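In what follows, a structure is listed as structure tokens, so that the remarks can point back to it.
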Amino acid sequence: MTPEALAALMAGHAHSPAAQVAQTAHRLALAAHWKPRPGARLVEIGCGQGDTTAVLADLVGLTGHVLATDPGPADYGAPVTLGASLRHLAAGPLGDRVEPRLGLDLATAPPEPGFDAVVLAHCSWYVADAATLRRLLERARDWAPVLHFAEWDPEPSAPGQLAHLLAVRLQAHLVATGLRGDGNIRTPFSRPQILRLLAETGWHAGPAVPVPTDGLQDADWEIDAARYWLEEARAQGEVPPHALDLAESEADVLAACARPRGNACLPAWTVTATA
């Protein structure tokens with residue numbers, strides 16, 4: 001399907017058609033590197049609202065299967081919750097190829113046989129720390145012999161991407177210093193960190209390749225999230241004062257760099273690894 005046709009199957013399309021088309025087109029660009037074959041059985045880690053799930057379900061065809069997992073609860077997410085978005089996708093023409101399992105953590109769940117590849121796209125930054133990601137990558141080898149991995153790169157390639165970086169760093173700072181515990185961004189791993197973790201957990205990674213991020217709105221979303229969570233930290237009764245001082249400084253630099261809207265996203269990259 002085209003990006004427009006796939007995006008129209010998503011619940012988020014009703015809230016922001018242009019944003020949904022951009023997200024779907026990016027996932028199609030990622031999948032062009034992964035090349036899942038028709039009939040493939042895939043396990044997706046961190047499916048979220050199903051942006052990548054829909055692309056995978058389309059590519060594996062009528063005889064394929066996508067087990068879409070996420071440790072988050074069904075009522076998490078906005079403007080559409082994870083549960084509502086995946087139910088909407090399951091009710092459409094791709095629904096018979098998708099098996100959503102929310103609340104499932106593959107780091108602890110017993111592996112199931114018969115899967116060809118594990119997909120982990122744009123969700124490693126939500127992991128608490130390197131030790132947790134290491135356990136997840138180790139367990140992924142029990143599920144399938146191939147891993148398709150994609151993530152943002154926290155090394156800007158253009159000055160306009162700096163605000164996105166500052167926003168994710170501020171969110172990670174708030175988590176690491178105990179100023180808040182909710183939200184998504186926790187550990188913005190670098191590309192070298194990820195590649196080292198893959199090697200340490202027995203994966204043999206191929207070349208890491210860049211994937212365009214033009215038209216994506218994630219930078220604006222993360223800037224809004226950083227400002228929101230800083231306000232939450234300010235409202236707390238007792239917080240480590242030094243940690244809050246540093247966060248305020250980071251927020252001032254972010255404010256100086258960010259545009260009202262249309263901030264450029266960081267680069268993205270993908271790699272396929274074999275066990």
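Each chain of the structure tokens is named A, B, ... in the order shown, its residues numbered from 1; ligands are numbered from 1 in display order.
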
Just asking: which residues within segment 21-257 of chain A are strand (DSSP E or B) according to DSSP, as a ChimeraX atom specification?
/A:41-45,65-70,98-102,117-121,146-152,204-205,209-211

Leaving out segment 111-117 of chain A and any residue of its chain fewer than 6 positions from it, which residues lie within 10 Å of it when counting only C-alpha atoms, given as a list in words?
Trp34, Pro36, Arg37, Gly39, Ala40, Arg41, Leu42, Val43, Glu44, His65, Val66, Leu67, Arg139, Ala140, Arg141, Asp142, Trp143, Ala144, Pro145, Val146, Leu147, His148, Thr272, Ala273 and Thr274 of chain A

Restricting to only C-alpha atoms, whichever of A:Ala251, A:Ala258, A:Ala8, A:Ala199 is closest to Ala275 of chain A is A:Ala199

Smallest atom-to-atom distance to Val127 of chain A: which of A:Gly46, A:Pro110, A:Gly160, A:Pro73, using only C-alpha atoms?
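Smallest separation from Val127 of chain A among the options: A:Gly46.
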
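One finds atom CA of Gln161 of chain A at 12.7 Å from atom CA of Gly215 of chain A.
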
Identify which of the residues A:Ala167, A:Leu179, A:His88, A:Gly48 lies closest to Ala235 of chain A, counting only C-alpha atoms when measuring atom-to-atom distances.
A:Leu179

Using only C-alpha atoms, what table do you get, as a Markdown table, when you list each residue of segment 19-59 of chain A with an atom no more than 9 Å from segment 201-211 of chain A, its nearest pair of atoms, and their distance in Å rounded to one decimal, rows by chain then rising number?
```
| residue | atom | partner | partner_atom | distance |
| --- | --- | --- | --- | --- |
| A:His26 | CA | A:Val211 | CA | 7.9 |
| A:Ala29 | CA | A:Val211 | CA | 6.8 |
| A:Leu30 | CA | A:Val211 | CA | 6.7 |
| A:His33 | CA | A:Val209 | CA | 8.6 |
```

So, counting only C-alpha atoms, which residue among A:Thr69, A:Ser249, A:Thr177, A:Gln171 is closest to Ala225 of chain A?
A:Gln171

Name the closest residue to Cys265 of chain A among the candidates A:Gly178, A:Leu230, A:His173, A:Asp153; distances are taken between atoms, counting only C-alpha atoms.
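Answer, going by the shortest atom-to-atom distance: A:Asp153.
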
For each of A:Pro156, A:Pro188, A:Pro3, A:Gly64, take the minimum atom-to-atom distance to Arg169 of chain A, counting only C-alpha atoms, then give the residue where this is smallest.
A:Pro188

According to DSSP computed on the backbone, where in segment 26-267 of chain A is there helix (DSSP H, G or I)? Give the residues as JSON, numbers by chain.
{"A": [26, 27, 28, 29, 30, 31, 32, 33, 34, 51, 52, 53, 54, 55, 56, 57, 58, 59, 60, 82, 83, 84, 85, 86, 87, 88, 89, 90, 95, 96, 97, 124, 125, 126, 130, 131, 132, 133, 134, 135, 136, 137, 138, 139, 140, 141, 142, 143, 159, 160, 161, 162, 163, 164, 165, 166, 167, 168, 169, 170, 171, 172, 173, 174, 175, 176, 191, 192, 193, 194, 195, 196, 197, 198, 199, 200, 218, 219, 220, 221, 222, 223, 224, 225, 226, 227, 228, 229, 230, 231, 232, 233, 234, 235, 241, 242, 243, 244, 245, 246, 247, 248, 249, 250, 251, 252, 253, 254, 255, 256, 257]}

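What separates atom CA of Arg186 of chain A from atom CA of Leu170 of chain A is a distance of 9.7 Å.
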